[in-house]
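Following: one structure in structure tokens, then a few remarks.
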Amino acid sequence: MTDQPIQGVPYLSLQAEFESLREEWFSNLSDIGASGAFILGPNVRAFEEEAAEYVGSRHAIAVANGTDALVLSLRALDIGPGDEVITSPFTFFATAEAISMVGATPVFADIDEASFNIDPESVRAKVTPNTRAILPVHIFGNPADMTAIKSIAEEHGLSVVEDGAQAFGARYGAGVVGSHGDTGCFSFYPTKVLGCYGDGGLITTSSDEIKARLLKLRNHGATAPFTHDELGYNSRLDEVQAALLRIKLRKFEEDVEARLRVACWYDERLADLDLATPVRPGDGRHAFNLYTIRHLRRDALRAHLNEHKVGNSQCYPLGLHLQDIYKSLGYKPGDLPVVDRLCNETLSLPIFPAMSEAQVERVCQLVAEI
Ligand SMILES: *Cc1c(COP(=O)(O)O)cnc(C)c1O
């Protein structure tokens, strides 16, 4: 028998993982069905405890998705109309959308061209008397510079909300991402580092006060059954997803290690090419939700990969500061030059825990041809 040469490589493949979890998850599903408790039940409570312990924060509150985790965090910090929140424009839209949804104004800072994360010096320059919070994104799984961000926040009395949607399990210094800010926000959308088979989200915090407010907000602002003193949300996690997340959390370190191994295979093979591979944190751990390179002929590379059926994604083609919805904020091309440049140079290559070295080899062969 001869090995078939690899043709296409998917951007992401979750089927093998599902097969390995099927038996345990299905047996949980049958218990859940028999129990009749489908939402905010024992699996959700257990997952909240296990996730808080993993992240190293005192509390974790499960919610319906990552966007809600951000929205509820901002609401719990009483951020709303008239307030400004400084964030990165080089992220998925939900980051800024959450700020706008609570009625506050997103203020976009420029990013660092090596880490793709928000540049603390640019953050500092954007602080005004209306600034209430900094919302750093740990983009692609790479932790933002939390020491610098927290020191700016302390200096100006600002809250810090971490968008860790792409970075569950990433570490900054000795601490896990999500344990550094007033709250840490996570998404369990299937493509994230820790993904469920539907929608899910989580907020971590070590403040009792914020925790109490979040518990209320996720359940229609109810202080007791049929008793409401503010408008909240229907943002709850269900047992079906929580049971799966508990299974995945138990073997999660193996998944991150597998991602790091794939990233190393890429690093070695791409080292001598005329492109930039992702930087790692000096003290911490990249979770490699995405493996994103910079290439001056990004569009040609993209076309070549597409032609050979290799998955890829343009994360991100346009800074959020230049999206139509934010026209009224008045940003122009050139205002945030690093973001504008990286939007033309970045390309995310396939990465998932079950990816083989031969698949990485095939992707790198094609990259080398450009
Ligand atoms: C995915 C993502 C979100 C939103 O999470 P959902 O679960 O899809 O609502 C927020 N921020 C970032 C950076 C993300 O990648």
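Chain labels follow the order of the structure tokens: the first chain is A, the next B, and so on; residue numbering restarts at 1 in every chain, and ligands are counted from 1 in their shown order.
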
Which residues, written as a list in words, have at least one atom at most 8 Å from Glu49 in chain A, with only C-alpha atoms counted and residues fewer than 4 positions away on the same chain left out?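 Once the adjacent positions are removed, what remains is Arg45, Glu53, His59 and Ala60 of chain A.
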
Would you output that residue set with C-alpha atoms, as a CSV table (one decimal), in the first residue's frame?
```csv
chain,number,residue,atom,x,y,z
A,45,ARG,CA,-23.0,24.5,38.0
A,53,GLU,CA,-10.6,26.6,39.0
A,59,HIS,CA,-16.1,32.7,40.1
A,60,ALA,CA,-17.3,31.7,36.7
```

With a distance cut-off of 9 Å and only C-alpha atoms, select the neighbouring residues of Gln241 in chain A, excluding the residue or stretch itself and same-chain residues fewer than 6 positions from it, and output the selection as number ranges by chain. A: 43-44, 196-200

I want to know what sits within 10 Å of Thr147 in chain A, based on only C-alpha atoms, with residues of the same chain fewer than 2 positions away left out; could you give that as a PyMOL selection string? chain A and resi 120+144-145+149-153+172-173+180

For ligand 1, collect every residue having any atom at a distance of at most 10 Å from a ligand atom (counting only C-alpha atoms and all ligand atoms); output as a JSON list (two decimals) with all heavy atoms, in the first residue's frame.
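As a result, selection_30.json now contains:
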```
[["chain", "number", "residue", "atom", "x", "y", "z"],
["A", 63, "VAL", "N", -22.86, 31.75, 30.34],
["A", 63, "VAL", "CA", -23.87, 32.52, 29.61],
["A", 63, "VAL", "C", -24.06, 31.90, 28.23],
["A", 63, "VAL", "O", -23.45, 30.88, 27.91],
["A", 63, "VAL", "CB", -23.47, 34.02, 29.49],
["A", 63, "VAL", "CG1", -23.49, 34.69, 30.86],
["A", 63, "VAL", "CG2", -22.11, 34.19, 28.84],
["A", 64, "ALA", "N", -24.92, 32.52, 27.43],
["A", 64, "ALA", "CA", -25.34, 31.90, 26.18],
["A", 64, "ALA", "C", -24.29, 31.92, 25.07],
["A", 64, "ALA", "O", -24.30, 31.07, 24.18],
["A", 64, "ALA", "CB", -26.63, 32.56, 25.69],
["A", 65, "ASN", "N", -23.39, 32.90, 25.10],
["A", 65, "ASN", "CA", -22.37, 33.02, 24.04],
["A", 65, "ASN", "C", -21.33, 34.05, 24.45],
["A", 65, "ASN", "O", -21.49, 34.73, 25.48],
["A", 65, "ASN", "CB", -23.02, 33.41, 22.70],
["A", 65, "ASN", "CG", -23.86, 34.67, 22.82],
["A", 65, "ASN", "OD1", -23.34, 35.75, 23.07],
["A", 65, "ASN", "ND2", -25.17, 34.53, 22.69],
["A", 66, "GLY", "N", -20.29, 34.19, 23.66],
["A", 66, "GLY", "CA", -19.19, 35.11, 24.00],
["A", 66, "GLY", "C", -19.58, 36.57, 23.90],
["A", 66, "GLY", "O", -19.09, 37.41, 24.66],
["A", 67, "THR", "N", -20.46, 36.89, 22.95],
["A", 67, "THR", "CA", -20.91, 38.27, 22.82],
["A", 67, "THR", "C", -21.63, 38.70, 24.08],
["A", 67, "THR", "O", -21.39, 39.79, 24.63],
["A", 67, "THR", "CB", -21.85, 38.42, 21.59],
["A", 67, "THR", "OG1", -21.19, 37.85, 20.46],
["A", 67, "THR", "CG2", -22.18, 39.87, 21.32],
["A", 68, "ASP", "N", -22.52, 37.84, 24.57],
["A", 68, "ASP", "CA", -23.23, 38.14, 25.82],
["A", 68, "ASP", "C", -22.25, 38.27, 26.99],
["A", 68, "ASP", "O", -22.47, 39.08, 27.89],
["A", 68, "ASP", "CB", -24.25, 37.04, 26.15],
["A", 68, "ASP", "CG", -25.52, 37.16, 25.32],
["A", 68, "ASP", "OD1", -25.58, 38.06, 24.47],
["A", 68, "ASP", "OD2", -26.44, 36.36, 25.54],
["A", 69, "ALA", "N", -21.21, 37.47, 27.00],
["A", 69, "ALA", "CA", -20.22, 37.57, 28.09],
["A", 69, "ALA", "C", -19.68, 38.99, 28.16],
["A", 69, "ALA", "O", -19.53, 39.58, 29.24],
["A", 69, "ALA", "CB", -19.09, 36.56, 27.88],
["A", 70, "LEU", "N", -19.41, 39.58, 26.98],
["A", 70, "LEU", "CA", -18.91, 40.96, 26.93],
["A", 70, "LEU", "C", -19.99, 41.96, 27.35],
["A", 70, "LEU", "O", -19.75, 42.87, 28.15],
["A", 70, "LEU", "CB", -18.41, 41.29, 25.52],
["A", 70, "LEU", "CG", -17.18, 40.50, 25.04],
["A", 70, "LEU", "CD1", -17.02, 40.62, 23.52],
["A", 70, "LEU", "CD2", -15.92, 41.01, 25.74],
["A", 71, "VAL", "N", -21.18, 41.80, 26.78],
["A", 71, "VAL", "CA", -22.28, 42.72, 27.08],
["A", 71, "VAL", "C", -22.61, 42.70, 28.58],
["A", 71, "VAL", "O", -22.72, 43.75, 29.22],
["A", 71, "VAL", "CB", -23.54, 42.35, 26.25],
["A", 71, "VAL", "CG1", -24.76, 43.11, 26.74],
["A", 71, "VAL", "CG2", -23.31, 42.62, 24.77],
["A", 88, "SER", "N", -9.45, 47.17, 20.68],
["A", 88, "SER", "CA", -8.73, 46.94, 19.43],
["A", 88, "SER", "C", -9.70, 46.87, 18.26],
["A", 88, "SER", "O", -10.76, 46.25, 18.38],
["A", 88, "SER", "CB", -7.96, 45.61, 19.51],
["A", 88, "SER", "OG", -7.47, 45.25, 18.23],
["A", 90, "PHE", "N", -8.74, 45.36, 15.55],
["A", 90, "PHE", "CA", -8.28, 44.18, 14.81],
["A", 90, "PHE", "C", -8.79, 42.96, 15.55],
["A", 90, "PHE", "O", -8.07, 42.29, 16.29],
["A", 90, "PHE", "CB", -6.75, 44.19, 14.73],
["A", 90, "PHE", "CG", -6.18, 43.19, 13.75],
["A", 90, "PHE", "CD1", -6.33, 43.37, 12.38],
["A", 90, "PHE", "CD2", -5.48, 42.08, 14.19],
["A", 90, "PHE", "CE1", -5.80, 42.44, 11.48],
["A", 90, "PHE", "CE2", -4.96, 41.15, 13.30],
["A", 90, "PHE", "CZ", -5.12, 41.33, 11.94],
["A", 91, "THR", "N", -10.09, 42.68, 15.36],
["A", 91, "THR", "CA", -10.76, 41.62, 16.11],
["A", 91, "THR", "C", -12.06, 41.29, 15.40],
["A", 91, "THR", "O", -12.45, 41.96, 14.44],
["A", 91, "THR", "CB", -11.05, 42.10, 17.56],
["A", 91, "THR", "OG1", -11.82, 41.12, 18.26],
["A", 91, "THR", "CG2", -11.82, 43.41, 17.58],
["A", 92, "PHE", "N", -12.74, 40.27, 15.89],
["A", 92, "PHE", "CA", -14.07, 39.96, 15.38],
["A", 92, "PHE", "C", -15.03, 41.06, 15.82],
["A", 92, "PHE", "O", -14.89, 41.64, 16.90],
["A", 92, "PHE", "CB", -14.52, 38.59, 15.91],
["A", 92, "PHE", "CG", -15.87, 38.19, 15.42],
["A", 92, "PHE", "CD1", -16.14, 38.06, 14.07],
["A", 92, "PHE", "CD2", -16.91, 37.97, 16.32],
["A", 92, "PHE", "CE1", -17.40, 37.72, 13.61],
["A", 92, "PHE", "CE2", -18.17, 37.62, 15.87],
["A", 92, "PHE", "CZ", -18.42, 37.49, 14.52],
["A", 93, "PHE", "N", -16.02, 41.35, 14.99],
["A", 93, "PHE", "CA", -16.92, 42.49, 15.20],
["A", 93, "PHE", "C", -17.58, 42.49, 16.58],
["A", 93, "PHE", "O", -17.85, 43.55, 17.16],
["A", 93, "PHE", "CB", -18.00, 42.50, 14.10],
["A", 93, "PHE", "CG", -18.97, 43.63, 14.22],
["A", 93, "PHE", "CD1", -18.54, 44.94, 14.16],
["A", 93, "PHE", "CD2", -20.32, 43.38, 14.40],
["A", 93, "PHE", "CE1", -19.43, 45.99, 14.28],
["A", 93, "PHE", "CE2", -21.23, 44.43, 14.51],
["A", 93, "PHE", "CZ", -20.78, 45.74, 14.45],
["A", 94, "ALA", "N", -17.83, 41.30, 17.16],
["A", 94, "ALA", "CA", -18.58, 41.22, 18.42],
["A", 94, "ALA", "C", -17.93, 42.04, 19.54],
["A", 94, "ALA", "O", -18.62, 42.53, 20.44],
["A", 94, "ALA", "CB", -18.71, 39.76, 18.86],
["A", 95, "THR", "N", -16.61, 42.19, 19.50],
["A", 95, "THR", "CA", -15.91, 42.95, 20.55],
["A", 95, "THR", "C", -16.47, 44.37, 20.64],
["A", 95, "THR", "O", -16.85, 44.84, 21.72],
["A", 95, "THR", "CB", -14.40, 43.00, 20.25],
["A", 95, "THR", "OG1", -13.91, 41.69, 20.03],
["A", 95, "THR", "CG2", -13.64, 43.64, 21.40],
["A", 96, "ALA", "N", -16.50, 45.06, 19.49],
["A", 96, "ALA", "CA", -16.99, 46.44, 19.47],
["A", 96, "ALA", "C", -18.51, 46.49, 19.55],
["A", 96, "ALA", "O", -19.09, 47.38, 20.18],
["A", 96, "ALA", "CB", -16.51, 47.14, 18.20],
["A", 97, "GLU", "N", -19.13, 45.51, 18.94],
["A", 97, "GLU", "CA", -20.60, 45.44, 18.95],
["A", 97, "GLU", "C", -21.12, 45.42, 20.39],
["A", 97, "GLU", "O", -22.11, 46.09, 20.72],
["A", 97, "GLU", "CB", -21.03, 44.15, 18.22],
["A", 97, "GLU", "CG", -22.50, 44.00, 18.01],
["A", 97, "GLU", "CD", -22.83, 42.68, 17.33],
["A", 97, "GLU", "OE1", -22.10, 41.68, 17.54],
["A", 97, "GLU", "OE2", -23.80, 42.63, 16.60],
["A", 98, "ALA", "N", -20.44, 44.67, 21.27],
["A", 98, "ALA", "CA", -20.87, 44.57, 22.67],
["A", 98, "ALA", "C", -20.82, 45.95, 23.34],
["A", 98, "ALA", "O", -21.72, 46.31, 24.11],
["A", 98, "ALA", "CB", -19.99, 43.58, 23.42],
["A", 136, "PRO", "N", -9.11, 44.79, 26.21],
["A", 136, "PRO", "CA", -8.11, 44.14, 25.35],
["A", 136, "PRO", "C", -8.64, 42.80, 24.83],
["A", 136, "PRO", "O", -9.41, 42.13, 25.51],
["A", 136, "PRO", "CB", -6.92, 43.92, 26.30],
["A", 136, "PRO", "CG", -7.54, 43.80, 27.65],
["A", 136, "PRO", "CD", -8.76, 44.69, 27.64],
["A", 137, "VAL", "N", -8.22, 42.46, 23.62],
["A", 137, "VAL", "CA", -8.59, 41.17, 23.02],
["A", 137, "VAL", "C", -7.31, 40.33, 22.95],
["A", 137, "VAL", "O", -6.28, 40.82, 22.51],
["A", 137, "VAL", "CB", -9.13, 41.38, 21.58],
["A", 137, "VAL", "CG1", -9.56, 40.05, 20.97],
["A", 137, "VAL", "CG2", -10.27, 42.38, 21.58],
["A", 138, "HIS", "N", -7.37, 39.10, 23.40],
["A", 138, "HIS", "CA", -6.21, 38.20, 23.27],
["A", 138, "HIS", "C", -6.32, 37.54, 21.91],
["A", 138, "HIS", "O", -6.82, 36.43, 21.77],
["A", 138, "HIS", "CB", -6.20, 37.17, 24.40],
["A", 138, "HIS", "CG", -6.27, 37.80, 25.77],
["A", 138, "HIS", "ND1", -5.25, 38.56, 26.29],
["A", 138, "HIS", "CD2", -7.23, 37.79, 26.72],
["A", 138, "HIS", "CE1", -5.58, 38.97, 27.50],
["A", 138, "HIS", "NE2", -6.78, 38.53, 27.79],
["A", 139, "ILE", "N", -5.85, 38.29, 20.90],
["A", 139, "ILE", "CA", -6.23, 37.92, 19.54],
["A", 139, "ILE", "C", -5.53, 36.65, 19.05],
["A", 139, "ILE", "O", -4.33, 36.49, 19.26],
["A", 139, "ILE", "CB", -6.00, 39.12, 18.57],
["A", 139, "ILE", "CG1", -6.81, 38.94, 17.30],
["A", 139, "ILE", "CG2", -4.53, 39.35, 18.26],
["A", 139, "ILE", "CD1", -8.29, 39.10, 17.48],
["A", 140, "PHE", "N", -6.29, 35.78, 18.44],
["A", 140, "PHE", "CA", -5.84, 34.49, 17.89],
["A", 140, "PHE", "C", -5.36, 33.53, 18.97],
["A", 140, "PHE", "O", -4.83, 32.46, 18.67],
["A", 140, "PHE", "CB", -4.74, 34.67, 16.82],
["A", 140, "PHE", "CG", -5.10, 35.65, 15.72],
["A", 140, "PHE", "CD1", -4.14, 36.48, 15.15],
["A", 140, "PHE", "CD2", -6.41, 35.74, 15.26],
["A", 140, "PHE", "CE1", -4.47, 37.37, 14.14],
["A", 140, "PHE", "CE2", -6.75, 36.62, 14.24],
["A", 140, "PHE", "CZ", -5.78, 37.44, 13.68],
["A", 141, "GLY", "N", -5.50, 33.92, 20.26],
["A", 141, "GLY", "CA", -5.00, 33.08, 21.36],
["A", 141, "GLY", "C", -3.74, 33.61, 21.99],
["A", 141, "GLY", "O", -3.21, 33.02, 22.93],
["A", 162, "GLU", "N", -11.44, 41.55, 29.80],
["A", 162, "GLU", "CA", -10.62, 40.79, 28.85],
["A", 162, "GLU", "C", -11.51, 40.06, 27.86],
["A", 162, "GLU", "O", -12.39, 39.30, 28.27],
["A", 162, "GLU", "CB", -9.79, 39.73, 29.59],
["A", 162, "GLU", "CG", -8.71, 40.25, 30.49],
["A", 162, "GLU", "CD", -8.02, 39.09, 31.21],
["A", 162, "GLU", "OE1", -7.29, 38.33, 30.55],
["A", 162, "GLU", "OE2", -8.22, 38.94, 32.43],
["A", 163, "ASP", "N", -11.28, 40.26, 26.56],
["A", 163, "ASP", "CA", -11.96, 39.45, 25.55],
["A", 163, "ASP", "C", -11.05, 38.25, 25.25],
["A", 163, "ASP", "O", -10.12, 38.34, 24.44],
["A", 163, "ASP", "CB", -12.26, 40.25, 24.28],
["A", 163, "ASP", "CG", -13.05, 39.43, 23.25],
["A", 163, "ASP", "OD1", -13.06, 38.20, 23.37],
["A", 163, "ASP", "OD2", -13.63, 40.04, 22.33],
["A", 164, "GLY", "N", -11.35, 37.14, 25.93],
["A", 164, "GLY", "CA", -10.58, 35.92, 25.75],
["A", 164, "GLY", "C", -11.30, 34.91, 24.88],
["A", 164, "GLY", "O", -11.03, 33.71, 24.96],
["A", 165, "ALA", "N", -12.22, 35.40, 24.03],
["A", 165, "ALA", "CA", -13.04, 34.49, 23.21],
["A", 165, "ALA", "C", -12.19, 33.51, 22.40],
["A", 165, "ALA", "O", -12.58, 32.37, 22.18],
["A", 165, "ALA", "CB", -13.94, 35.30, 22.27],
["A", 166, "GLN", "N", -10.99, 33.97, 21.98],
["A", 166, "GLN", "CA", -10.12, 33.09, 21.17],
["A", 166, "GLN", "C", -8.99, 32.51, 22.01],
["A", 166, "GLN", "O", -8.05, 31.94, 21.45],
["A", 166, "GLN", "CB", -9.53, 33.91, 20.01],
["A", 166, "GLN", "CG", -10.58, 34.51, 19.10],
["A", 166, "GLN", "CD", -9.98, 35.33, 17.97],
["A", 166, "GLN", "OE1", -8.77, 35.44, 17.82],
["A", 166, "GLN", "NE2", -10.85, 35.93, 17.15],
["A", 167, "ALA", "N", -9.05, 32.67, 23.33],
["A", 167, "ALA", "CA", -7.83, 32.42, 24.10],
["A", 167, "ALA", "C", -8.04, 31.64, 25.39],
["A", 167, "ALA", "O", -7.25, 31.76, 26.32],
["A", 167, "ALA", "CB", -7.16, 33.76, 24.41],
["A", 185, "CYS", "N", -13.84, 37.20, 29.47],
["A", 185, "CYS", "CA", -14.99, 36.76, 28.67],
["A", 185, "CYS", "C", -14.55, 35.69, 27.68],
["A", 185, "CYS", "O", -13.55, 35.86, 26.97],
["A", 185, "CYS", "CB", -15.56, 37.94, 27.90],
["A", 185, "CYS", "SG", -16.11, 39.25, 29.01],
["A", 186, "PHE", "N", -15.31, 34.61, 27.63],
["A", 186, "PHE", "CA", -14.97, 33.50, 26.74],
["A", 186, "PHE", "C", -16.15, 33.10, 25.88],
["A", 186, "PHE", "O", -17.30, 33.23, 26.28],
["A", 186, "PHE", "CB", -14.52, 32.29, 27.56],
["A", 186, "PHE", "CG", -13.27, 32.56, 28.36],
["A", 186, "PHE", "CD1", -13.35, 32.80, 29.72],
["A", 186, "PHE", "CD2", -12.03, 32.59, 27.74],
["A", 186, "PHE", "CE1", -12.20, 33.08, 30.45],
["A", 186, "PHE", "CE2", -10.88, 32.85, 28.47],
["A", 186, "PHE", "CZ", -10.97, 33.09, 29.83],
["A", 187, "SER", "N", -15.82, 32.58, 24.68],
["A", 187, "SER", "CA", -16.82, 32.03, 23.78],
["A", 187, "SER", "C", -16.53, 30.55, 23.59],
["A", 187, "SER", "O", -15.36, 30.17, 23.46],
["A", 187, "SER", "CB", -16.74, 32.74, 22.43],
["A", 187, "SER", "OG", -17.42, 31.98, 21.44],
["A", 188, "PHE", "N", -17.57, 29.75, 23.54],
["A", 188, "PHE", "CA", -17.40, 28.33, 23.24],
["A", 188, "PHE", "C", -18.02, 27.98, 21.89],
["A", 188, "PHE", "O", -18.41, 26.83, 21.66],
["A", 188, "PHE", "CB", -17.99, 27.47, 24.37],
["A", 188, "PHE", "CG", -17.40, 27.79, 25.72],
["A", 188, "PHE", "CD1", -18.22, 28.09, 26.80],
["A", 188, "PHE", "CD2", -16.03, 27.83, 25.91],
["A", 188, "PHE", "CE1", -17.68, 28.40, 28.04],
["A", 188, "PHE", "CE2", -15.47, 28.14, 27.14],
["A", 188, "PHE", "CZ", -16.30, 28.43, 28.21],
["A", 189, "TYR", "N", -18.13, 28.96, 21.02],
["A", 189, "TYR", "CA", -18.53, 28.73, 19.63],
["A", 189, "TYR", "C", -17.64, 27.59, 19.09],
["A", 189, "TYR", "O", -16.46, 27.51, 19.46],
["A", 189, "TYR", "CB", -18.32, 30.03, 18.85],
["A", 189, "TYR", "CG", -18.79, 30.01, 17.43],
["A", 189, "TYR", "CD1", -20.15, 30.12, 17.12],
["A", 189, "TYR", "CD2", -17.88, 29.88, 16.39],
["A", 189, "TYR", "CE1", -20.58, 30.10, 15.80],
["A", 189, "TYR", "CE2", -18.30, 29.86, 15.06],
["A", 189, "TYR", "CZ", -19.65, 29.97, 14.78],
["A", 189, "TYR", "OH", -20.08, 29.94, 13.47],
["A", 190, "PRO", "N", -18.18, 26.70, 18.25],
["A", 190, "PRO", "CA", -17.43, 25.48, 17.90],
["A", 190, "PRO", "C", -16.01, 25.69, 17.39],
["A", 190, "PRO", "O", -15.16, 24.81, 17.57],
["A", 190, "PRO", "CB", -18.31, 24.84, 16.82],
["A", 190, "PRO", "CG", -19.70, 25.32, 17.13],
["A", 190, "PRO", "CD", -19.55, 26.70, 17.69],
["A", 191, "THR", "N", -15.73, 26.83, 16.74],
["A", 191, "THR", "CA", -14.38, 27.01, 16.17],
["A", 191, "THR", "C", -13.37, 27.56, 17.17],
["A", 191, "THR", "O", -12.21, 27.74, 16.84],
["A", 191, "THR", "CB", -14.42, 27.98, 14.98],
["A", 191, "THR", "OG1", -14.84, 29.27, 15.47],
["A", 191, "THR", "CG2", -15.38, 27.53, 13.90],
["A", 192, "LYS", "N", -13.79, 27.86, 18.38],
["A", 192, "LYS", "CA", -12.85, 28.45, 19.35],
["A", 192, "LYS", "C", -11.97, 27.36, 19.97],
["A", 192, "LYS", "O", -12.26, 26.17, 19.83],
["A", 192, "LYS", "CB", -13.62, 29.19, 20.44],
["A", 192, "LYS", "CG", -14.67, 30.16, 19.94],
["A", 192, "LYS", "CD", -14.09, 31.41, 19.30],
["A", 192, "LYS", "CE", -15.23, 32.31, 18.83],
["A", 192, "LYS", "NZ", -14.83, 33.63, 18.42],
["A", 195, "GLY", "N", -14.35, 24.63, 22.29],
["A", 195, "GLY", "CA", -15.62, 24.85, 21.59],
["A", 195, "GLY", "C", -16.64, 23.81, 21.99],
["A", 195, "GLY", "O", -16.28, 22.66, 22.27],
["A", 198, "GLY", "N", -22.57, 23.93, 19.78],
["A", 198, "GLY", "CA", -23.66, 24.88, 19.72],
["A", 198, "GLY", "C", -23.07, 26.21, 20.14],
["A", 198, "GLY", "O", -21.88, 26.45, 19.94],
["A", 199, "ASP", "N", -23.85, 27.06, 20.78],
["A", 199, "ASP", "CA", -23.34, 28.31, 21.32],
["A", 199, "ASP", "C", -23.15, 28.19, 22.83],
["A", 199, "ASP", "O", -23.90, 27.49, 23.51],
["A", 199, "ASP", "CB", -24.31, 29.47, 21.04],
["A", 199, "ASP", "CG", -24.11, 30.08, 19.67],
["A", 199, "ASP", "OD1", -22.95, 30.48, 19.36],
["A", 199, "ASP", "OD2", -25.08, 30.16, 18.89],
["A", 200, "GLY", "N", -22.15, 28.91, 23.34],
["A", 200, "GLY", "CA", -21.92, 28.93, 24.79],
["A", 200, "GLY", "C", -20.93, 30.03, 25.11],
["A", 200, "GLY", "O", -20.17, 30.47, 24.24],
["A", 201, "GLY", "N", -20.95, 30.49, 26.35],
["A", 201, "GLY", "CA", -20.01, 31.53, 26.77],
["A", 201, "GLY", "C", -19.80, 31.48, 28.27],
["A", 201, "GLY", "O", -20.51, 30.76, 28.99],
["A", 202, "LEU", "N", -18.81, 32.24, 28.73],
["A", 202, "LEU", "CA", -18.47, 32.21, 30.15],
["A", 202, "LEU", "C", -17.84, 33.55, 30.55],
["A", 202, "LEU", "O", -17.11, 34.16, 29.76],
["A", 202, "LEU", "CB", -17.46, 31.09, 30.42],
["A", 202, "LEU", "CG", -17.09, 30.82, 31.88],
["A", 202, "LEU", "CD1", -18.16, 29.91, 32.52],
["A", 202, "LEU", "CD2", -15.73, 30.13, 31.99],
["A", 289, "ASN", "N", -5.51, 29.50, 18.80],
["A", 289, "ASN", "CA", -6.82, 29.30, 18.18],
["A", 289, "ASN", "C", -6.63, 29.43, 16.66],
["A", 289, "ASN", "O", -7.20, 28.67, 15.89],
["A", 289, "ASN", "CB", -7.80, 30.35, 18.68],
["A", 289, "ASN", "CG", -9.24, 30.04, 18.33],
["A", 289, "ASN", "OD1", -9.53, 29.09, 17.61],
["A", 289, "ASN", "ND2", -10.13, 30.84, 18.81]]
```

Could you tell me which of A:Val310, A:Ile99, A:Val55, A:Leu347 comes closest to Ala174 in chain A if we count only C-alpha atoms? A:Val55

Might you pull out every residue within 12 Å of Gly175 in chain A, with only C-alpha atoms counted and same-chain residues fewer than 5 positions away left off, and present them as a list of chain:residue names?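 The residues satisfying every condition are A:Glu53, A:Tyr54, A:Val55, A:Gly56, A:Ser57, A:Pro143, A:Met146, A:Thr147, A:Phe168, A:Gly169, A:Ala170, A:His180, A:Gly181, A:Asp283, A:Gly284, A:Arg285.
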
How far is it from CA of Val176 in chain A to CA of Ile351 in chain A, in Å with one decimal? 21.5 Å

Between CA of Ile210 in chain A and CA of Val161 in chain A, what is the distance, to one decimal in Å?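 Going from CA of Ile210 in chain A over to CA of Val161 in chain A covers 11.9 Å.
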
DSSP on the backbone: which residues in range 4-203 of chain A end up as strand (DSSP E or B)? Give the answer as an MDAnalysis selection string. chainID A and resid 9 39 59:63 84:87 105:108 111 118 131:135 137 159:163 171:172 175:176 183:187 201:203

So which residues touch range 100-111 of chain A within 8 Å, counting only C-alpha atoms, skipping near sequence neighbours fewer than 4 positions away, as number ranges by chain? A: 71, 74-75, 79-90, 96, 116-119, 122-123, 126, 321, 336-339

Each residue of range 17-83 of chain A lying at most 12 Å from range 252-273 of chain A should get a row with its shortest atom-to-atom pair and the distance in Å to one decimal, counting only C-alpha atoms; could you produce that, ordered by chain and increasing number, as CSV?
```
residue,atom,partner,partner_atom,distance
A:Glu17,CA,A:Asp255,CA,10.1
A:Glu50,CA,A:Phe252,CA,12.0
A:Ala51,CA,A:Phe252,CA,11.1
A:Tyr54,CA,A:Phe252,CA,10.1
```

Limited to N, CA and C atoms, could you put the picked residues into a file as a compact mmCIF listing (two decimals), in the first residue's frame?
```txt
# COMPACT_ATOMS: atom_id res chain seq x y z
N GLU A 17 -12.69 14.67 16.58
CA GLU A 17 -12.89 14.96 17.99
C GLU A 17 -14.27 14.48 18.44
N GLU A 50 -15.52 24.11 37.72
CA GLU A 50 -14.31 23.55 37.12
C GLU A 50 -13.59 24.60 36.27
N ALA A 51 -14.36 25.43 35.57
CA ALA A 51 -13.75 26.46 34.72
C ALA A 51 -13.11 27.55 35.57
N TYR A 54 -9.88 26.23 36.71
CA TYR A 54 -8.90 26.18 35.61
C TYR A 54 -8.32 27.57 35.33
```

DSSP alpha helix (DSSP H) residues within range 282-334 of chain A, listed as an MDAnalysis selection string: chainID A and resid 298:307

Can you pull out every residue within 9 Å of Gly311 in chain A, counting only C-alpha atoms, but drop anything in the same chain fewer than 5 positions away, and send it as a ChimeraX atom specification? /A:8-12,305-306,348-350

Selection file, N, CA and C atoms, as a tab-separated table (two decimals), in the first residue's frame:
```tsv
chain	number	residue	atom	x	y	z
A	8	GLY	N	-6.18	18.37	-0.51
A	8	GLY	CA	-6.65	19.53	0.25
A	8	GLY	C	-6.40	19.37	1.73
A	9	VAL	N	-6.44	20.50	2.45
A	9	VAL	CA	-6.34	20.49	3.91
A	9	VAL	C	-7.46	21.39	4.43
A	10	PRO	N	-8.34	20.87	5.30
A	10	PRO	CA	-9.42	21.73	5.79
A	10	PRO	C	-8.88	22.80	6.73
A	11	TYR	N	-9.58	23.92	6.80
A	11	TYR	CA	-9.20	25.00	7.72
A	11	TYR	C	-9.34	24.50	9.14
A	12	LEU	N	-10.36	23.68	9.35
A	12	LEU	CA	-10.68	23.20	10.68
A	12	LEU	C	-11.44	21.91	10.51
A	305	LEU	N	-3.66	28.98	-2.26
A	305	LEU	CA	-4.18	27.99	-1.30
A	305	LEU	C	-5.60	27.58	-1.68
A	306	ASN	N	-6.41	28.53	-2.08
A	306	ASN	CA	-7.78	28.21	-2.49
A	306	ASN	C	-7.79	27.25	-3.68
A	348	SER	N	-4.72	33.55	7.98
A	348	SER	CA	-4.75	32.47	8.96
A	348	SER	C	-4.75	31.13	8.22
A	349	LEU	N	-3.82	30.26	8.63
A	349	LEU	CA	-3.67	28.94	8.01
A	349	LEU	C	-4.40	27.89	8.84
A	350	PRO	N	-4.64	26.70	8.28
A	350	PRO	CA	-5.35	25.67	9.04
A	350	PRO	C	-4.63	25.31	10.33
```

Could you tell me how far CA of Arg297 in chain A sits from CA of Asp335 in chain A, in Å to one decimal place?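 Between these atoms lies a distance of 23.2 Å.
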
Go through A:Val367, A:Glu357, A:Glu239, A:Ile247 and flag the residue nearest His295 in chain A, using only C-alpha atoms for the distances. A:Val367
